[in-house]
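Q: Before I ask anything, let me first share the structure, which is written out below as structure tokens.
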Amino acid sequence: MTAYGIDALVADPGAFLDGRRVALLANQASLTGAGTPTLEALRAAPGVELVALLTPEHGWSGYEDDATPVADRRDPRTGLPLVSLYGPRRRPGAEVLRSFDAVVVDLQDVGVRCYTYATTVALLCEAAAATGTRVVVCDRPNPLGPRVDGPPLDPALRSFLGYLDVPFQHGMTIGALLERATRGLGVDLRVAEFDAATAPSAGGASPGPVFVPPSPGLPTLEAVRLYPGLVLLEGTNLSEGRGTTLPFQLLGAPWLEGYALAEELNRLDLPGLLLRPLTFRPRSDSHAGEVCHGVQLHVADARALRPLEVVVRVLAHLRATHDAFAWHDAAAMPWSDHPDGGQPWFEPVRGPLVDALVGDASVRRVVDGELAWDDAVAGWRADASRRTGGVARAETS
């Protein structure tokens, strides 16, 4: 039986909570090692008074659309308030935090900086430092393993999509990530550790006995493995498969020809991948209702796969061969007219969206032919070395 951090907490609640009134930041994908919903395990734990539920992007159900504000609600099963941290607020105010004494966090992160759950927890910790509210992070394995890839965060591009000063693919668990992010903050942070024997191997093993989708765009482990690359498509006029049954496993557009594209890309000898042509019609998101032609990306060797490099090479090929290819501007996104738009705790409202997703302009410059891939990687390593006192962690192998 896999022992997650939540298992350690419910086995000895007093060691973490000391009888405090508790809120739970989680969703319905949060389970114990035995498969019990975290909500039910915490409600049954001796001495735990659960008084509220906090929800990240995608809501308590975990299946609200991406980038769609979630309203405060009440959980019909328990009667507890559902306080959204992805709606009118991105961090809880003092009036919310003073209605309980501690927050238990049990969310499955996927090891990529622009995946928003860790940002939500970081913003929670910032607010909790001001009120003295304890935050207990129940740790879980990183499904992508310890591999590090991509650039550190450019402070000028800090936003809800790239908030923490870590590499794009950071190789850490959510507990380790938050411990690093909150150093010097003064928050009362505790991490409930998981059993290290259950940690996934590098290359993307399932972080437990079963795979539970952490969000609607990542329904399979294959999608998680491809996410560090295919998430870049959100910053382009290509479809990444949202609105189909294969999100983050497809690449297409109405102006592509699937068979020709598959042949061209397979000739690039992309490590760990096999690409096949297909036609699809997204029901929502990019090119909703339009017939798209493109490819499905199949992970043939998870250990050999380098998703960020692969997708950069694919985008560079499309940029050079198709005039229809274009970058999305953040100013055109639906959130751009929000009063908090452009604040570092909110989505960006200016500049190429792909820069905000990656946290750096170098990937776009490589695709546009302004910068060589090897020079970009060398720059990431040099930047990481400066930030870590000479110990570089930005790797691509």
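As shown in the structure tokens, the chain order sets the letters A, B, ...; within each chain, residues go from 1, and ligands are also counted from 1 in the order they appear.
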Please provide as a PyMOL selection string all residues within 12 Å of range 15-17 of chain A, with the sequence filter that same-chain residues fewer than 5 positions apart are discarded (counting only C-alpha atoms).
A: chain A and resi 5-6+8-10+22-23+42+45-50+100-104+133-138+188-193
Q: Could you pull the residues within 6 Å of range 241-243 of chain A, counting only C-alpha atoms, minus those fewer than 5 positions along the same chain, as a list of chain:residue names?
A: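 Answer for this query is A:Phe248, A:Leu250, A:Pro282, A:Arg283, A:Ser284.
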Q: Run DSSP on the backbone and give me the residues of range 61-239 of chain A it puts in alpha helix (DSSP H), as a compact mmCIF listing (two decimals) with C-alpha atoms, in the first residue's frame.
A:
```
# COMPACT_ATOMS: atom_id res chain seq x y z
CA ALA A 94 -7.40 37.46 6.44
CA GLU A 95 -11.16 37.09 6.99
CA VAL A 96 -11.05 33.68 5.32
CA LEU A 97 -7.92 32.48 7.11
CA TYR A 117 -1.52 24.15 -8.12
CA ALA A 118 1.88 24.99 -6.61
CA THR A 119 1.32 28.70 -7.32
CA THR A 120 -1.97 28.50 -5.43
CA VAL A 121 -0.24 26.91 -2.43
CA ALA A 122 2.54 29.50 -2.54
CA LEU A 123 0.00 32.34 -2.50
CA LEU A 124 -1.79 30.63 0.38
CA CYS A 125 1.49 30.45 2.31
CA GLU A 126 2.14 34.16 1.75
CA ALA A 127 -1.28 35.01 3.18
CA ALA A 128 -0.93 32.50 6.03
CA ALA A 129 2.36 34.07 7.11
CA ALA A 130 0.49 37.28 7.91
CA THR A 131 -2.18 35.57 10.04
CA ILE A 174 5.26 19.73 -4.06
CA GLY A 175 6.46 19.54 -0.45
CA ALA A 176 10.09 20.22 -1.37
CA LEU A 177 9.00 22.93 -3.79
CA LEU A 178 7.02 24.78 -1.12
CA GLU A 179 9.75 24.42 1.49
CA ARG A 180 12.12 26.12 -0.93
CA ALA A 181 9.63 28.78 -2.01
CA LEU A 221 0.07 9.36 -17.57
CA GLU A 222 1.00 9.71 -21.25
CA ALA A 223 -0.45 13.23 -21.21
CA VAL A 224 1.54 14.07 -18.07
CA ARG A 225 4.75 12.88 -19.74
CA LEU A 226 4.10 15.08 -22.78
CA TYR A 227 2.83 18.10 -20.85
CA PRO A 228 6.23 19.84 -20.34
CA GLY A 229 6.40 20.21 -24.13
CA LEU A 230 2.84 20.32 -25.40
```
Q: Using only C-alpha atoms, which residue out of A:Arg183, A:Arg281, A:Arg267, A:Arg306 lies closest to Thr244 in chain A?
A: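 Checking each of A:Arg183, A:Arg281, A:Arg267, A:Arg306 against Thr244 in chain A, counting only C-alpha atoms, the winner is A:Arg281.
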Q: Compile a residue-level contact table for range 139-196 of chain A against range 362-378 of chain A at a cut-off of 9 Å, reporting for every qualifying residue the shortest atom pair and its distance in Å to one decimal, with only C-alpha atoms counted, rows ordered by chain and ascending number, as a tab-separated table.
A:
```
residue	atom	partner	partner_atom	distance
A:Asp149	CA	A:Val377	CA	8.9
A:Gly150	CA	A:Val377	CA	7.4
A:Pro151	CA	A:Val377	CA	7.7
```
Q: For range 346-360 of chain A, find every residue with an atom within 6 Å (counting only C-alpha atoms), except residues of its own chain fewer than 6 positions away, and show them as a compact mmCIF listing (two decimals) with C-alpha atoms, in the first residue's frame.
A:
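Resulting contents of around-v3.txt:
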```
# COMPACT_ATOMS: atom_id res chain seq x y z
CA CYS A 114 3.20 26.68 -15.15
CA LEU A 153 12.06 32.15 -14.11
CA ASP A 154 12.72 35.60 -15.52
CA LEU A 157 7.68 37.50 -16.42
CA SER A 159 2.70 35.68 -13.07
CA PHE A 160 0.20 33.10 -11.89
CA LEU A 161 1.47 30.91 -14.76
CA GLY A 162 5.06 31.20 -13.59
CA GLY A 235 0.84 29.99 -26.58
CA HIS A 328 -0.81 34.14 -29.09
CA ASP A 329 -0.61 37.53 -27.40
CA ALA A 330 -1.56 37.57 -23.71
CA ALA A 331 -3.58 40.75 -24.32
CA SER A 336 -6.93 40.31 -19.89
```
Q: Using only C-alpha atoms, which of the listed residues (A:His293, A:Arg276, A:Arg313, A:Arg140) sits closest to Asp106 in chain A?
A: A:Arg140
Q: One number please: CA of Pro69 in chain A to CA of Pro88 in chain A, in Å, one decimal.
A: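 Computing the Euclidean distance for CA of Pro69 in chain A and CA of Pro88 in chain A yields 7.4 Å.
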